[in-house]
Each structure stands twice: as structure tokens, then as C-alpha cells.
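The structure appears below as C-alpha cells.
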2 protein chains.
Amino acid sequence: MADPDDVAGPAVAGDGSADPVVRGRGRPRATDRTDAILTAAGELFDEVGYDQLKVQDIADRAGVGLATLYRRWPTKQALLAEALRRRNAAFDRRLEGDPRQVLQSVYALVAGATMGPRGEFLPGLLTAIRADAELAEALRVGVIDPLRTRIRVELEELLGPDHPQLGLLVDLVPGVCVYRALAPGETGDPEQLVAEAVGLLDRLVSTTTRP
Amino acid sequence: MADPDDVAGPAVAGDGSADPVVRGRGRPRATDRTDAILTAAGELFDEVGYDQLKVQDIADRAGVGLATLYRRWPTKQALLAEALRRRNAAFDRRLEGDPRQVLQSVYALVAGATMGPRGEFLPGLLTAIRADAELAEALRVGVIDPLRTRIRVELEELLGPDHPQLGLLVDLVPGVCVYRALAPGETGDPEQLVAEAVGLLDRLVSTTTRP
């Protein structure tokens, strides 16, 4: 509710008219609308998925002209990349606590994003990146690499930097989440998955002090 | 080389003529060609992926008529399901040894099937199952469920049936493999992944004797 990014977004989405927020006081410079544009891109990505994501809809929701938006982000991929990168960075900054707490929060985020309703868009996105190197790079830089880095940093603090299964453990929760979201059959409960992952880490912590 | 399923397969695939093996001695009943048909279906699936898999090509490679094949398997999905189920069952029967050895073999199979060249077809397949409930069911029954069951049985023997992270561990290696095959960024080395997974199990075995 208090997120400043939300000021223009939802209010504009409903009526479809362009730029109602700036009407009567002149169009502000595009840079002023950066937050609204990136928030709208992230929201629409969550709501409709990558295939159905349209730059025009993002412009409408953010209350800016299409030309303004394209001047700054020449492609849909570039815009989405920055939106996801900014959102992840904001989430990352908010994470506080000991490594176990942080990992639990990251795991919950990943499970929610893949095994919940948002996970519906995963196959379309993963198919699109096969044919779209720019999108693949955007996702790698904006989502996958930061996620891997944050998990690795916390795991190194929790288990030590030389833990022999660190590489596998970095991808454990994202991997199981994506697999359960995509593979036909049991999906399981995201909260149970997070609890088991943290329980596994606790078990490993108790063995890392051994030689 | 000594696999009886291969007798007719590759020899027929090259020249495109139908039924050369049975020429001059009458067409045998379709049931006689079951092995060749299912082997051809599995081979072609590995070679071209689900999207490009054509029943006519399977019939050609197995040296049977298209009508014969459709009489027994009314859809491509039904045929592929039986081919994958039979192949998995054959692999399953060959697995011998203690649970740790069996899991290592299963992990190596999964890593090879997803992170190697065969993994290229994974996104197409995972997208296809979203729009094709019959294919999804076929993959669940033929591949995912048997894989989960076999891994679970071995893990229960290794770690005990009440291990609190059993559900997570069942999907650990398939999950990380699928994630690395699909997500943009580092893929990593399949052999290293298998080694880390077995190392993790060894570490857990050493803790399961604790209360």
C-alpha cells in the first residue's frame, strides 16, 4: 500500500485512458515515470506472463506514451529485464537476519513465484528464452544470477565456503520448485518444501563441524 | 549392439522403404514388431524431440505400415508413453546394488537425459504437456512417477522411511538437472552434480543415526 511505485499503476489500469495522472499539469519527463513504468512491467508480467506481455499495456498502466517508453527501452525484453532486476534488488535489500532466516525468505519467494499461480507462465517463458537470446540474457542477469549469488553467499556463511556440496545446494530449492511446477504429477505444498529445505540445512550445519 | 530391439531399426531407417525385413515371407502380426516400434519411437524421440516426432517416421524406422501402428496406438502420445514406460522399466530392472549405487546410476541417467544433448528437447516437451493432457498423463505415468518411486524406495532404504526431508530429496537431482537445463546461465558439469548429490547423501547417512 505504501509502495510509491503503486501510485499511478492500478489507478490507470482500469479506464484505459492515457496519462490521466499528468493531465492538466503537463507531461513530466520520462525519467520521472521510471518507477511507474518498471512497476507496471513487473505487475503485468506476473498477471499475464511473457507471451501476452505488451509494451502498449505497460505504457497505459504507467500512464506514459508508447514513444516515451520505447525511447528508453528499445525492446520488451530490455524493459522486462530492468523491471525484474530492480524488483529483485529491492527484495534483496529488504532481506535481513541470519543466513538461515534469509535463506528461508528467499526459498519462500522462489516457491511462491514458481509453484503458485505465477508459475503458470514458467513454461512459456522458458520456451521463449530458447528462441530469444536477448530475453535469456535479461533473465540471467536480472533473475537467475542474482538469485544464485544471494543463495550462495548465505550458504557460505551458514555451511562454510568450502562445503563440498555447495554448488548443488545453491540450486536445490529453485530446482525442485521449477521441476514441481513443470513436471506432470504431484506439485506438493510450497510451505512444506521450504520447511524441508531449511530442515536439511539445519541437518547439514550439524555435520559441517565434523572433519 | 546385442539389443534385439535394434535388429530392424537402423537398417530400415536409411532407405525409407517399408517392411524390408518381412519382404518375401509375408507380413508378421503387428505384435511381433512391438519391440521394434517402441524402440524406434524412443530413438526418434531422443533424436528429434517431441515436436518433430512423427508417427510415419516411427513406422518407417520400425518397418511397419502406418495403419498397423495406429491400430495399436491410436495417438502419438499413447505410443510415446508406452515406449518411455518400457524403456524406463528395462532400465529399472537392470539397476542393481546397494541403494547408494542405484541412486548414483539413476542420478547419472537423469543428468545425462536433461543436461546433455537430449536436454534440448525439454522446453518443447514441457510446453507441449500444458496444452496436451494426454501427453502430460503419459509422461507422468511413464517417466515422472516411476522415477519418483524408484528414488523414494532407495532413499527410504538408505536414510530410513521417516526421514523428514525425504520429499525434498526425492526431487533433488531431477529438479536441479531440469533447472540447470532450462534456466539461462551456468549449466555445470553433470558428473559433478551426480558426485555432489551422492556426497550429500553420504553426509545425511552419517546424521540419520542421531536422534
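Chain lettering (A, B, ...) mirrors the order of the C-alpha cells, residue numbering begins at 1 for each chain separately, and ligand numbering begins at 1 in order of display.
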Go through chain B and flag each residue having an atom no more than 8 Å from chain A; for those, report the closest pair of atoms plus their distance in Å to one decimal, using only C-alpha atoms, ordered by chain and rising number, as CSV.
```
residue,atom,partner,partner_atom,distance
B:Pro123,CA,A:Thr127,CA,5.5
B:Gly124,CA,A:Thr127,CA,6.7
B:Leu126,CA,A:Leu182,CA,6.5
B:Thr127,CA,A:Pro123,CA,5.5
B:Ile129,CA,A:Pro184,CA,7.8
B:Ala136,CA,A:Pro184,CA,5.7
B:Glu137,CA,A:Pro184,CA,7.0
B:Leu139,CA,A:Pro184,CA,7.0
B:Arg140,CA,A:Pro184,CA,5.3
B:Ile144,CA,A:Gly185,CA,7.2
B:Asp145,CA,A:Gly185,CA,7.2
B:Pro164,CA,A:Glu196,CA,7.0
B:Gln165,CA,A:Glu196,CA,5.1
B:Gly167,CA,A:Glu196,CA,7.9
B:Leu168,CA,A:Glu196,CA,6.4
B:Asp171,CA,A:Val176,CA,5.9
B:Leu172,CA,A:Val176,CA,6.0
B:Pro174,CA,A:Tyr179,CA,7.2
B:Gly175,CA,A:Val176,CA,4.3
B:Val176,CA,A:Gly175,CA,4.3
B:Cys177,CA,A:Gly175,CA,7.3
B:Val178,CA,A:Tyr179,CA,6.3
B:Tyr179,CA,A:Gly175,CA,4.8
B:Arg180,CA,A:Gly175,CA,7.6
B:Leu182,CA,A:Leu126,CA,6.5
B:Ala183,CA,A:Leu126,CA,7.2
B:Pro184,CA,A:Arg140,CA,5.3
B:Gly185,CA,A:Arg140,CA,5.7
B:Leu193,CA,A:Leu168,CA,6.4
B:Glu196,CA,A:Gln165,CA,5.1
B:Ala197,CA,A:Leu168,CA,7.1
B:Gly199,CA,A:Gln165,CA,7.1
B:Leu200,CA,A:Gln165,CA,6.4
B:Arg203,CA,A:Thr207,CA,7.3
B:Leu204,CA,A:Leu204,CA,7.6
B:Thr207,CA,A:Thr207,CA,7.2
```
Export N, CA and C atoms of the chosen residues as a compact mmCIF listing (two decimals), in the first residue's frame?
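Saved as out-v3.txt:
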```
# COMPACT_ATOMS: atom_id res chain seq x y z
N PRO B 123 12.36 -28.09 -23.09
CA PRO B 123 11.37 -27.00 -23.09
C PRO B 123 10.18 -27.27 -24.00
N GLY B 124 10.45 -27.80 -25.18
CA GLY B 124 9.35 -28.10 -26.10
C GLY B 124 8.38 -29.11 -25.50
N LEU B 126 7.93 -29.76 -22.26
CA LEU B 126 7.24 -29.20 -21.10
C LEU B 126 6.17 -28.19 -21.52
N THR B 127 6.39 -27.53 -22.65
CA THR B 127 5.36 -26.64 -23.17
C THR B 127 4.20 -27.47 -23.73
N ILE B 129 3.07 -30.36 -22.88
CA ILE B 129 2.20 -31.00 -21.89
C ILE B 129 1.19 -30.03 -21.30
N ALA B 136 0.71 -35.18 -21.03
CA ALA B 136 1.09 -34.96 -19.64
C ALA B 136 0.89 -36.23 -18.83
N GLU B 137 -0.25 -36.87 -19.02
CA GLU B 137 -0.55 -38.11 -18.29
C GLU B 137 0.44 -39.21 -18.70
N LEU B 139 3.51 -38.87 -19.74
CA LEU B 139 4.81 -38.60 -19.14
C LEU B 139 4.80 -38.85 -17.64
N ARG B 140 3.67 -38.51 -17.02
CA ARG B 140 3.57 -38.76 -15.58
C ARG B 140 3.65 -40.25 -15.29
N ILE B 144 7.76 -39.71 -14.93
CA ILE B 144 7.93 -38.97 -13.67
C ILE B 144 7.61 -39.84 -12.45
N ASP B 145 6.44 -40.48 -12.46
CA ASP B 145 6.06 -41.29 -11.30
C ASP B 145 7.01 -42.47 -11.05
N PRO B 164 12.81 -36.78 7.62
CA PRO B 164 11.90 -35.63 7.47
C PRO B 164 12.08 -34.85 6.17
N GLN B 165 13.20 -35.03 5.48
CA GLN B 165 13.38 -34.30 4.21
C GLN B 165 13.26 -35.21 2.99
N GLY B 167 10.76 -36.02 1.03
CA GLY B 167 10.03 -35.48 -0.12
C GLY B 167 10.89 -34.55 -0.96
N LEU B 168 11.63 -33.71 -0.28
CA LEU B 168 12.54 -32.79 -0.98
C LEU B 168 13.65 -33.56 -1.68
N ASP B 171 13.06 -35.26 -5.14
CA ASP B 171 13.10 -34.42 -6.35
C ASP B 171 14.40 -33.64 -6.51
N LEU B 172 15.35 -33.86 -5.60
CA LEU B 172 16.58 -33.06 -5.61
C LEU B 172 17.30 -33.10 -6.95
N PRO B 174 16.52 -34.70 -10.03
CA PRO B 174 15.73 -34.30 -11.22
C PRO B 174 15.48 -32.78 -11.24
N GLY B 175 15.21 -32.21 -10.07
CA GLY B 175 14.93 -30.78 -10.01
C GLY B 175 16.12 -29.93 -10.44
N VAL B 176 17.27 -30.19 -9.84
CA VAL B 176 18.45 -29.39 -10.17
C VAL B 176 18.84 -29.61 -11.65
N CYS B 177 18.69 -30.84 -12.13
CA CYS B 177 19.02 -31.11 -13.54
C CYS B 177 18.11 -30.32 -14.48
N VAL B 178 16.81 -30.37 -14.24
CA VAL B 178 15.85 -29.69 -15.11
C VAL B 178 16.08 -28.18 -15.03
N TYR B 179 16.31 -27.68 -13.82
CA TYR B 179 16.55 -26.25 -13.63
C TYR B 179 17.79 -25.81 -14.41
N ARG B 180 18.88 -26.57 -14.29
CA ARG B 180 20.11 -26.17 -14.99
C ARG B 180 19.96 -26.30 -16.50
N LEU B 182 17.19 -25.76 -18.14
CA LEU B 182 16.23 -24.78 -18.65
C LEU B 182 16.62 -23.34 -18.36
N ALA B 183 17.09 -23.07 -17.15
CA ALA B 183 17.35 -21.69 -16.77
C ALA B 183 18.57 -21.16 -17.52
N PRO B 184 18.53 -19.91 -17.96
CA PRO B 184 19.71 -19.35 -18.61
C PRO B 184 20.82 -19.16 -17.59
N GLY B 185 22.03 -19.35 -18.02
CA GLY B 185 23.19 -19.20 -17.12
C GLY B 185 23.96 -20.51 -17.04
N LEU B 193 27.59 -32.84 -10.64
CA LEU B 193 26.29 -32.81 -9.97
C LEU B 193 25.98 -34.16 -9.32
N GLU B 196 28.19 -34.63 -6.26
CA GLU B 196 27.74 -33.82 -5.12
C GLU B 196 26.49 -34.41 -4.49
N ALA B 197 25.57 -34.91 -5.32
CA ALA B 197 24.34 -35.50 -4.79
C ALA B 197 24.65 -36.73 -3.95
N GLY B 199 27.51 -37.35 -2.51
CA GLY B 199 28.22 -36.84 -1.34
C GLY B 199 27.26 -36.31 -0.29
N LEU B 200 26.22 -35.65 -0.75
CA LEU B 200 25.20 -35.13 0.18
C LEU B 200 24.49 -36.29 0.90
N ARG B 203 26.64 -37.68 3.57
CA ARG B 203 26.63 -36.79 4.72
C ARG B 203 25.36 -36.99 5.55
N LEU B 204 24.24 -37.20 4.85
CA LEU B 204 22.97 -37.39 5.56
C LEU B 204 22.91 -38.74 6.25
N THR B 207 24.23 -38.61 9.58
CA THR B 207 23.46 -37.92 10.61
C THR B 207 22.16 -38.64 10.96
```
Quick check for you: according to DSSP on this backbone, which residues of segment 56-165 of chain A are classed as alpha helix (DSSP H)? Reply as an MDAnalysis selection string.
chainID A and resid 56:62 66:72 76:94 99:115 122:131 133:139 145:159
Taking only C-alpha atoms into account, which of B:Val48, B:Gln56, B:Glu191, B:Ile37 comes nearest Ala108 of chain B?
B:Glu191
So how many Å separate atom CA of Thr149 of chain A and atom CA of Val205 of chain A, to one decimal?
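A separation of 19.8 Å between them.
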I'd like the contact shell of segment 85-96 of chain B - 9 Å cut-off, only C-alpha atoms, skipping same-chain residues fewer than 5 positions apart - returned as a list in words.
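My reading of the contact set: Leu38, Thr39, Gly42, Leu80, Gln101, Val102, Ser105, Val106, Ala138, Leu139, Val141, Gly142, Val143, Pro146, Leu147 and Arg150 of chain B.
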How about saving the chosen residues, C-alpha atoms kept, as a PDB file, in the first residue's frame?
```
ATOM      1  CA  LEU B  38       8.702 -48.960 -29.317  1.00  0.00           C
ATOM      2  CA  THR B  39      12.459 -48.812 -29.771  1.00  0.00           C
ATOM      3  CA  GLY B  42      12.174 -43.923 -28.162  1.00  0.00           C
ATOM      4  CA  LEU B  80       5.458 -42.471 -26.866  1.00  0.00           C
ATOM      5  CA  GLN B 101      24.882 -47.391  -6.060  1.00  0.00           C
ATOM      6  CA  VAL B 102      21.389 -47.495  -7.522  1.00  0.00           C
ATOM      7  CA  SER B 105      23.031 -44.764 -11.531  1.00  0.00           C
ATOM      8  CA  VAL B 106      19.606 -43.113 -11.552  1.00  0.00           C
ATOM      9  CA  ALA B 138       1.682 -40.257 -20.476  1.00  0.00           C
ATOM     10  CA  LEU B 139       4.810 -38.603 -19.141  1.00  0.00           C
ATOM     11  CA  VAL B 141       2.761 -42.461 -15.758  1.00  0.00           C
ATOM     12  CA  GLY B 142       5.679 -43.398 -17.997  1.00  0.00           C
ATOM     13  CA  VAL B 143       8.511 -41.270 -16.640  1.00  0.00           C
ATOM     14  CA  PRO B 146       8.323 -44.329 -11.846  1.00  0.00           C
ATOM     15  CA  LEU B 147      11.380 -42.117 -11.368  1.00  0.00           C
ATOM     16  CA  ARG B 150      12.396 -45.672  -7.588  1.00  0.00           C
TER      17      ARG B 150
END
```
Residue nearest Lys76 of chain B among B:Thr34, B:Asp98, B:Asp132, B:Leu103 (counting only C-alpha atoms)
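Counting only C-alpha atoms, the residue closest to Lys76 of chain B is B:Asp132.
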